[in-house]
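The structure file input.txt is reproduced below (compact mmCIF, C-alpha atoms).
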```
# COMPACT_ATOMS: atom_id res chain seq x y z
CA MET A 1 175.54 -11.88 168.72
CA SER A 2 176.80 -15.23 167.47
CA ALA A 3 176.71 -13.86 163.95
CA GLU A 4 179.03 -11.11 165.04
CA LEU A 5 181.27 -13.68 166.71
CA ALA A 6 181.53 -15.62 163.49
CA SER A 7 182.09 -12.56 161.34
CA GLY A 8 185.18 -11.72 163.31
CA ALA A 9 184.43 -8.02 163.38
CA ALA A 10 185.72 -7.84 166.92
CA PHE A 11 188.60 -10.28 166.36
CA TYR A 12 191.17 -8.00 167.93
CA ALA A 13 188.93 -7.32 170.89
CA TRP A 14 188.72 -11.08 171.51
CA LEU A 15 192.46 -11.34 171.19
CA GLY A 16 192.72 -8.55 173.76
CA VAL A 17 190.42 -10.41 176.15
CA LEU A 18 192.62 -13.49 175.81
CA LEU A 19 195.83 -11.52 176.41
CA CYS A 20 194.33 -9.81 179.47
CA GLY A 21 193.44 -13.18 180.99
CA LEU A 22 196.81 -14.74 180.17
CA GLY A 23 198.69 -11.71 181.47
CA LEU A 24 196.76 -11.67 184.72
CA PHE A 25 197.42 -15.38 185.26
CA ALA A 26 201.15 -14.98 184.67
CA PHE A 27 201.24 -11.86 186.82
CA VAL A 28 199.75 -13.72 189.78
CA VAL A 29 201.66 -16.98 189.33
CA HIS A 30 205.20 -15.76 188.77
CA ARG A 31 207.21 -14.31 191.60
CA HIS A 32 210.21 -13.04 189.67
CA LEU A 33 209.77 -9.31 189.14
CA LEU A 34 210.92 -9.36 185.50
CA ARG A 35 208.34 -12.00 184.65
CA ARG A 36 205.72 -9.97 186.45
CA LEU A 37 206.71 -6.92 184.44
CA LEU A 38 206.40 -8.91 181.21
CA ALA A 39 203.02 -10.26 182.28
CA PHE A 40 201.91 -6.75 183.14
CA ASN A 41 202.95 -5.59 179.68
CA ILE A 42 201.00 -8.42 178.08
CA MET A 43 197.95 -7.34 180.06
CA GLY A 44 198.52 -3.80 178.86
CA SER A 45 198.77 -4.91 175.23
CA GLY A 46 195.56 -6.84 175.75
CA SER A 47 193.73 -3.74 176.93
CA PHE A 48 195.12 -1.74 173.98
CA LEU A 49 193.88 -4.42 171.58
CA LEU A 50 190.54 -4.44 173.36
CA LEU A 51 190.19 -0.67 173.00
CA VAL A 52 191.13 -0.60 169.33
CA GLY A 53 189.30 -3.79 168.47
CA LEU A 54 186.01 -2.76 170.04
CA ALA A 55 185.94 0.37 167.91
CA GLN A 56 186.02 -1.70 164.70
CA ASP A 57 182.34 -2.28 164.31
CA GLY A 58 181.88 -1.63 160.66
CA ARG A 59 182.09 2.15 160.62
CA GLY A 60 185.71 2.32 159.69
CA PRO A 61 188.60 2.93 162.06
CA ASP A 62 187.74 5.18 164.97
CA PRO A 63 190.52 7.76 165.44
CA VAL A 64 189.63 8.53 169.06
CA PRO A 65 190.59 5.18 170.67
CA GLN A 66 193.50 4.90 168.25
CA ALA A 67 194.89 8.21 169.45
CA LEU A 68 194.40 7.20 173.08
CA VAL A 69 196.15 3.85 172.52
CA LEU A 70 198.99 5.57 170.66
CA THR A 71 199.83 7.75 173.64
CA GLY A 72 199.09 4.81 175.92
CA ILE A 73 201.81 2.75 174.22
CA VAL A 74 204.42 5.43 174.82
CA VAL A 75 203.33 5.77 178.44
CA ALA A 76 203.49 1.97 178.79
CA VAL A 77 207.06 1.97 177.47
CA ALA A 78 207.97 4.69 179.95
CA SER A 79 206.34 2.91 182.86
CA THR A 80 208.10 -0.32 181.91
CA ALA A 81 211.40 1.52 181.89
CA LEU A 82 210.59 3.10 185.25
CA ALA A 83 209.68 -0.31 186.66
CA LEU A 84 213.04 -1.63 185.42
CA VAL A 85 214.89 1.25 187.10
CA ILE A 86 213.06 0.57 190.37
CA PHE A 87 213.63 -3.16 190.00
CA ARG A 88 217.37 -2.69 189.49
CA ARG A 89 217.49 -0.42 192.49
CA TRP A 90 215.70 -3.06 194.56
CA HIS A 91 218.04 -5.74 193.26
CA ARG A 92 221.05 -3.61 194.11
CA VAL A 93 219.82 -2.87 197.61
CA SER A 94 218.49 -6.29 198.57
CA GLY A 95 220.10 -8.76 196.18
CA GLU A 96 216.66 -10.30 195.65
CA SER A 97 214.75 -10.61 192.40
CA THR A 98 211.38 -11.10 194.05
CA LEU A 99 209.42 -9.13 196.58
CA PRO A 100 209.11 -10.55 200.10
CA GLU A 101 206.00 -12.59 200.81
CA ASP A 102 203.33 -10.77 202.73
CA VAL A 103 202.42 -13.71 204.96
CA MET B 1 201.03 -28.56 197.83
CA LYS B 2 200.77 -24.84 198.47
CA PRO B 3 202.09 -23.65 195.09
CA ARG B 4 199.60 -25.92 193.32
CA LEU B 5 196.72 -24.34 195.18
CA SER B 6 197.85 -20.80 194.46
CA THR B 7 198.25 -21.65 190.76
CA LEU B 8 194.75 -23.05 190.72
CA LEU B 9 193.39 -19.95 192.43
CA ALA B 10 195.23 -17.71 189.97
CA ALA B 11 193.83 -19.72 187.06
CA ILE B 12 190.31 -19.41 188.44
CA ALA B 13 190.71 -15.67 189.04
CA SER B 14 192.04 -14.98 185.56
CA LEU B 15 189.33 -17.16 184.00
CA ILE B 16 186.71 -15.12 185.86
CA VAL B 17 188.27 -11.88 184.62
CA THR B 18 188.46 -13.25 181.08
CA ALA B 19 184.82 -14.33 181.24
CA ALA B 20 183.80 -10.92 182.57
CA LEU B 21 185.68 -9.20 179.75
CA ALA B 22 184.17 -11.56 177.18
CA PHE B 23 180.73 -10.80 178.58
CA ALA B 24 181.48 -7.09 178.34
CA VAL B 25 182.58 -7.49 174.71
CA LEU B 26 179.46 -9.50 173.83
CA GLU B 27 176.96 -7.34 175.67
CA ARG B 28 178.46 -3.97 174.95
CA PRO B 29 175.94 -1.22 174.40
CA ALA B 30 175.85 0.32 170.97
CA PRO B 31 177.83 3.58 171.02
CA ALA B 32 175.51 6.53 171.44
CA GLU B 33 177.59 8.68 169.15
CA ASN B 34 179.28 7.99 165.87
CA LEU B 35 182.73 9.26 166.79
CA PRO B 36 184.48 8.63 163.43
CA GLN B 37 181.73 10.62 161.75
CA ARG B 38 181.99 13.48 164.23
CA VAL B 39 185.75 13.60 163.81
CA SER B 40 185.48 13.72 160.05
CA GLN B 41 182.83 16.43 160.30
CA HIS B 42 185.05 18.67 162.39
CA ILE B 43 188.37 17.79 160.79
CA ALA B 44 188.29 20.98 158.74
CA GLU B 45 188.36 23.06 161.93
CA ALA B 46 191.36 21.18 163.31
CA GLY B 47 194.93 22.15 162.65
CA ALA B 48 195.77 18.77 161.18
CA ALA B 49 194.28 16.88 158.27
CA HIS B 50 194.96 13.42 159.71
CA PRO B 51 192.17 12.31 162.08
CA ILE B 52 194.47 10.74 164.69
CA THR B 53 196.73 13.78 164.90
CA ALA B 54 193.65 16.00 165.02
CA VAL B 55 192.26 13.98 167.94
CA LEU B 56 195.62 13.90 169.73
CA LEU B 57 196.53 17.55 169.48
CA ASP B 58 193.27 19.34 168.90
CA PHE B 59 190.09 17.62 170.03
CA ARG B 60 191.59 15.85 173.03
CA SER B 61 194.76 17.83 173.55
CA VAL B 62 194.37 17.99 177.33
CA ASP B 63 194.60 14.18 177.45
CA THR B 64 197.81 14.33 175.44
CA LEU B 65 199.23 17.03 177.70
CA LEU B 66 198.56 14.89 180.76
CA GLU B 67 200.08 11.83 179.12
CA VAL B 68 203.26 13.75 178.40
CA ALA B 69 203.20 14.86 182.02
CA VAL B 70 203.06 11.20 183.04
CA LEU B 71 206.22 10.60 180.98
CA LEU B 72 207.88 13.48 182.79
CA VAL B 73 206.89 12.08 186.19
CA ALA B 74 208.41 8.71 185.23
CA VAL B 75 211.72 10.39 184.37
CA VAL B 76 211.66 12.46 187.57
CA VAL B 77 211.19 9.33 189.68
CA ALA B 78 213.94 7.53 187.77
CA LEU B 79 216.24 10.53 188.27
CA ALA B 80 215.51 10.43 191.98
CA LEU B 81 216.28 6.70 192.14
CA ARG B 82 219.43 6.73 190.07
CA GLU B 83 222.47 5.10 191.52
CA ALA B 84 224.11 7.33 194.08
CA GLN B 85 227.48 5.70 193.68
CA PRO B 86 228.88 6.02 190.18
CA ASP B 87 229.02 2.77 188.29
CA GLY B 88 232.68 3.16 187.62
CA PRO B 89 233.86 3.36 184.02
CA ASP B 90 231.07 3.64 181.51
CA ARG B 91 230.56 0.09 180.33
CA MET B 92 227.40 0.75 178.42
CA GLY B 93 229.27 1.02 175.14
CA LEU B 94 229.67 -2.36 173.49
CA ASP B 95 233.12 -2.75 172.08
CA ASN B 96 231.79 -3.52 168.66
CA PRO B 97 233.31 -1.89 165.56
CA LEU B 98 230.48 -3.24 163.41
CA LEU B 99 227.88 -1.41 165.49
CA ARG B 100 229.86 1.81 165.19
CA ALA B 101 230.16 1.40 161.44
CA VAL B 102 226.46 0.64 161.04
CA MET B 103 225.58 3.59 163.26
CA SER B 104 227.28 6.01 160.89
CA TRP B 105 224.86 4.77 158.23
CA LEU B 106 221.83 4.45 160.46
CA LEU B 107 222.04 7.71 162.36
CA PRO B 108 221.28 10.09 159.46
CA LEU B 109 218.53 7.73 158.36
CA LEU B 110 216.98 7.67 161.83
CA LEU B 111 217.10 11.45 162.11
CA LEU B 112 215.53 11.76 158.67
CA VAL B 113 212.77 9.26 159.48
CA SER B 114 212.08 11.06 162.75
CA ALA B 115 211.79 14.44 161.05
CA TYR B 116 209.63 12.92 158.31
CA LEU B 117 207.28 11.28 160.84
CA LEU B 118 206.93 14.59 162.66
CA TRP B 119 206.13 16.45 159.45
CA ALA B 120 203.90 13.71 158.03
CA GLY B 121 201.76 13.66 161.17
CA ALA B 122 199.65 16.49 159.81
CA THR B 123 198.34 14.53 156.85
CA ARG B 124 199.04 10.83 157.40
CA PRO B 125 200.05 8.40 160.15
CA GLY B 126 202.92 9.90 162.12
CA GLY B 127 203.37 12.59 164.72
CA ALA B 128 205.26 13.56 167.82
CA PHE B 129 205.07 10.23 169.63
CA GLN B 130 206.38 8.17 166.74
CA ALA B 131 209.04 10.73 165.86
CA GLY B 132 210.11 10.88 169.51
CA ALA B 133 210.33 7.09 169.71
CA VAL B 134 212.54 6.93 166.61
CA LEU B 135 214.74 9.73 167.95
CA ALA B 136 215.06 7.90 171.27
CA ALA B 137 216.01 4.72 169.40
CA ALA B 138 218.78 6.66 167.68
CA GLY B 139 219.99 7.87 171.09
CA VAL B 140 219.90 4.36 172.55
CA LEU B 141 221.88 2.98 169.61
CA LEU B 142 224.43 5.78 169.97
CA ARG B 143 224.75 4.97 173.62
CA LEU B 144 225.20 1.26 172.88
CA ALA B 145 227.87 2.13 170.33
CA GLY B 146 229.74 3.89 173.12
CA VAL B 147 229.21 7.44 171.91
CA ARG B 148 228.79 9.77 174.85
CA LEU B 149 226.39 12.62 174.44
CA GLY B 150 228.73 15.24 175.84
CA GLY B 151 226.05 17.92 175.86
CA PHE B 152 224.36 16.27 178.81
CA ALA B 153 227.43 15.60 180.93
CA GLY B 154 228.30 17.50 184.04
CA THR B 155 226.20 19.93 186.06
CA ALA B 156 225.47 22.26 183.15
CA GLY B 157 224.50 19.27 181.03
CA ALA B 158 222.13 18.00 183.70
CA THR B 159 220.39 21.37 183.80
CA ARG B 160 220.19 21.37 180.01
CA LEU B 161 218.70 17.86 180.07
CA ARG B 162 216.04 18.89 182.58
CA LEU B 163 215.18 22.00 180.58
CA LEU B 164 214.76 19.97 177.40
CA LEU B 165 212.68 17.36 179.24
CA VAL B 166 210.32 20.08 180.44
CA LEU B 167 210.28 21.88 177.08
CA GLY B 168 207.47 19.80 175.55
CA PRO B 169 204.92 20.09 178.36
CA ALA B 170 205.98 23.71 178.94
CA VAL B 171 205.33 24.70 175.32
CA PHE B 172 202.04 22.80 175.46
CA VAL B 173 200.92 24.66 178.61
CA ALA B 174 202.21 27.99 177.25
CA VAL B 175 200.11 27.57 174.11
CA GLY B 176 197.12 26.66 176.28
CA ILE B 177 197.55 29.77 178.41
CA GLY B 178 198.07 31.80 175.27
CA THR B 179 194.73 30.64 173.88
CA GLN B 180 193.13 31.54 177.20
CA LEU B 181 194.66 35.01 177.10
CA GLY B 182 193.19 35.33 173.63
CA GLY B 183 189.74 34.79 175.09
CA ARG B 184 189.30 31.16 174.04
CA ALA B 185 189.14 27.94 176.06
CA PHE B 186 192.33 26.18 177.22
CA LEU B 187 194.10 24.75 174.15
CA ASP B 188 191.32 25.87 171.82
CA TYR B 189 193.54 27.13 169.00
CA PRO B 190 192.40 30.00 166.82
CA PRO B 191 191.69 28.40 163.43
CA ALA B 192 194.13 30.57 161.52
CA LEU B 193 197.06 29.55 163.73
CA ALA B 194 196.04 25.97 164.53
CA GLY B 195 198.34 24.24 162.06
CA GLY B 196 201.42 26.21 163.08
CA LEU B 197 200.72 25.90 166.80
CA ILE B 198 200.28 22.13 166.50
CA LEU B 199 203.57 21.86 164.64
CA VAL B 200 205.38 23.90 167.32
CA ILE B 201 203.88 21.77 170.09
CA GLU B 202 204.75 18.58 168.24
CA LEU B 203 208.34 19.69 167.68
CA ALA B 204 208.82 20.41 171.38
CA LEU B 205 207.02 17.19 172.33
CA THR B 206 209.22 15.13 170.01
CA LEU B 207 212.38 16.40 171.71
CA SER B 208 210.98 15.88 175.20
CA ILE B 209 209.56 12.42 174.52
CA ALA B 210 212.80 11.27 172.90
CA LEU B 211 214.87 12.60 175.78
CA ALA B 212 212.50 11.11 178.35
CA LEU B 213 212.75 7.64 176.80
CA LEU B 214 216.49 7.97 176.33
CA SER B 215 217.17 9.13 179.87
CA LEU B 216 215.04 6.31 181.26
CA PHE B 217 217.39 4.00 179.38
CA ARG B 218 220.49 5.84 180.57
CA LEU B 219 219.35 5.88 184.18
CA ALA B 220 219.54 2.11 184.36
CA PRO B 221 223.27 1.63 183.80
CA PRO B 222 224.72 -1.86 183.60
CA GLN B 223 225.26 -3.60 186.88
CA SER B 224 228.78 -2.89 188.03
CA ASP B 225 230.99 -5.33 189.86
CA VAL B 226 230.19 -3.62 193.12
CA GLU B 227 228.65 -6.20 195.39
CA HIS B 228 225.08 -5.82 196.52
CA LEU B 229 224.49 -3.58 199.48
CA GLY B 230 222.35 -6.35 200.94
CA GLU B 231 225.15 -8.91 200.74
CA ARG B 232 227.49 -6.44 202.31
CA ARG B 233 225.03 -5.95 205.11
CA ARG B 234 224.33 -9.65 205.54
CA ARG B 235 227.98 -10.61 205.73
CA PRO B 236 228.91 -11.42 209.34
CA ARG B 237 231.25 -8.97 210.95
CA GLN B 238 234.79 -10.27 211.24
```
Can you present the structure in this file as structure tokens?
Amino acid sequence: MSAELASGAAFYAWLGVLLCGLGLFAFVVHRHLLRRLLAFNIMGSGSFLLLVGLAQDGRGPDPVPQALVLTGIVVAVASTALALVIFRRWHRVSGESTLPEDV
Amino acid sequence: MKPRLSTLLAAIASLIVTAALAFAVLERPAPAENLPQRVSQHIAEAGAAHPITAVLLDFRSVDTLLEVAVLLVAVVVALALREAQPDGPDRMGLDNPLLRAVMSWLLPLLLLVSAYLLWAGATRPGGAFQAGAVLAAAGVLLRLAGVRLGGFAGTAGATRLRLLLVLGPAVFVAVGIGTQLGGRAFLDYPPALAGGLILVIELALTLSIALALLSLFRLAPPQSDVEHLGERRRRPRQ
């Protein structure tokens, strides 16, 4: 397995793992909803990279995960926009840019 | 002290998730099937020569249909949440003559690129999603340049907008039912018609995706000077 690590065949998958971890950290730490949305998007990009990167194992590009990620990107854009609409609504109603604490 | 602790906990949690993902990447089982090979074996039966388009609209077309449905749901929710009180004069248009001038150059180019991407999807990278995204970008730029899309104004325009939003998924489902009526499985195109059917579906999808993205943008108008409802509520009664 270390040979594979060194060869960098799954470079993008590793990048995806890193982005997922970073995104999760930022998502938990930040309270501002916009930052959370950005962190969530970074996590999403990480999972896309993971999906596409894992398929690159020497047999050429795999069209199946690529097609899934392609539609996934458009859905992610739409969900980001929806989150922004909801966020603006929340901001308009409450004047807050964070959600109330549970405890 | 409390924020420190929560940061530490978050760091530990995300490290654990990262480690778990890394473990999954390292110890992944070898795929049981060679998917690229299978796709290239069956590409001749699909209605598109490009593997990704073939996967999107032929081999896994039900997935694509559902993903377009997700887009539609997002727009429906945004429509339901849109500001009840009008935001006053439309301030979305930037008062920028340069943007207007550039738009008159860019708009034909964007439309051309969108149509090309749609057409090219059959044989090379491209397709409905990319074409729809480019078309939506053209709409967003138009909106920023202050051009109002009069066709979608008023009650009749709203109905037209909804009809066009539904057009993509509706055509998709209609083709699926049509294949079922023809005695085949849902969305299993007859080989002779596959190319044409995929093009029709992609054309409808392009319009719907572009309009979905554009209306999500339009449904979040700039914040007006109206004070927040919350502040109004919090203000002590005189």
Each chain B residue no farther than 7 Å from chain A, nearest pair in Å, all atoms listed in the file, as CSV:
```
residue,atom,partner,partner_atom,distance
B:Thr7,CA,A:Val29,CA,6.0
B:Ala10,CA,A:Phe25,CA,5.7
B:Ala11,CA,A:Phe25,CA,5.9
B:Ser14,CA,A:Gly21,CA,5.1
B:Leu15,CA,A:Gly21,CA,6.5
B:Val17,CA,A:Gly21,CA,6.4
B:Thr18,CA,A:Gly21,CA,5.0
B:Leu21,CA,A:Val17,CA,6.1
B:Ala22,CA,A:Val17,CA,6.4
B:Leu26,CA,A:Met1,CA,6.9
B:Leu35,CA,A:Asp62,CA,6.7
B:Pro36,CA,A:Asp62,CA,5.0
B:Pro51,CA,A:Pro63,CA,5.9
B:Ile52,CA,A:Pro63,CA,5.0
B:Val55,CA,A:Val64,CA,6.2
B:Leu56,CA,A:Ala67,CA,5.7
B:Glu67,CA,A:Thr71,CA,6.8
B:Leu71,CA,A:Val75,CA,6.2
B:Ala74,CA,A:Leu82,CA,6.0
B:Ala78,CA,A:Leu82,CA,6.1
B:Leu213,CA,A:Ala78,CA,6.4
B:Leu216,CA,A:Ala81,CA,6.0
B:Phe217,CA,A:Ala81,CA,7.0
B:Ala220,CA,A:Val85,CA,5.5
B:His228,CA,A:Arg92,CA,5.2
B:Leu229,CA,A:Val93,CA,5.1
B:Gly230,CA,A:Ser94,CA,4.5
B:Glu231,CA,A:Gly95,CA,6.8
```
Can you tell me which residues surround B:Gly47 at a distance of at most 12 Å, considering all atoms listed in the file, apart from same-chain residues fewer than 2 positions away, and format the answer as a VMD selection string?
chain B and resid 42 to 45 49 to 59 61 121 to 123 187 to 202
Point-to-point distance in Å for atom CA of B:Ala131 and atom CA of B:Leu117:
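A separation of 5.3 Å between them.
With distances restricted to only C-alpha atoms, B:Ala170 is the closest residue to B:Leu66 from B:Leu163, B:Leu110, B:Ala170, B:Leu8.
Note that atom CA of A:Gln56 and atom CA of A:Phe40 are 24.9 Å apart.
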Polymer residues at most 7 Å from B:Arg100, all atoms listed in the file, same-chain spacing of 4 or more positions, as a list in words:
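Here the qualifying residues turn out to be Asn96, Ser104 and Ala145 of chain B.
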Rounded to one decimal in Å, what is the spacing between atom CA of B:Leu149 and atom CA of B:Phe172?
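That distance, rounded to one decimal, is 26.4 Å.
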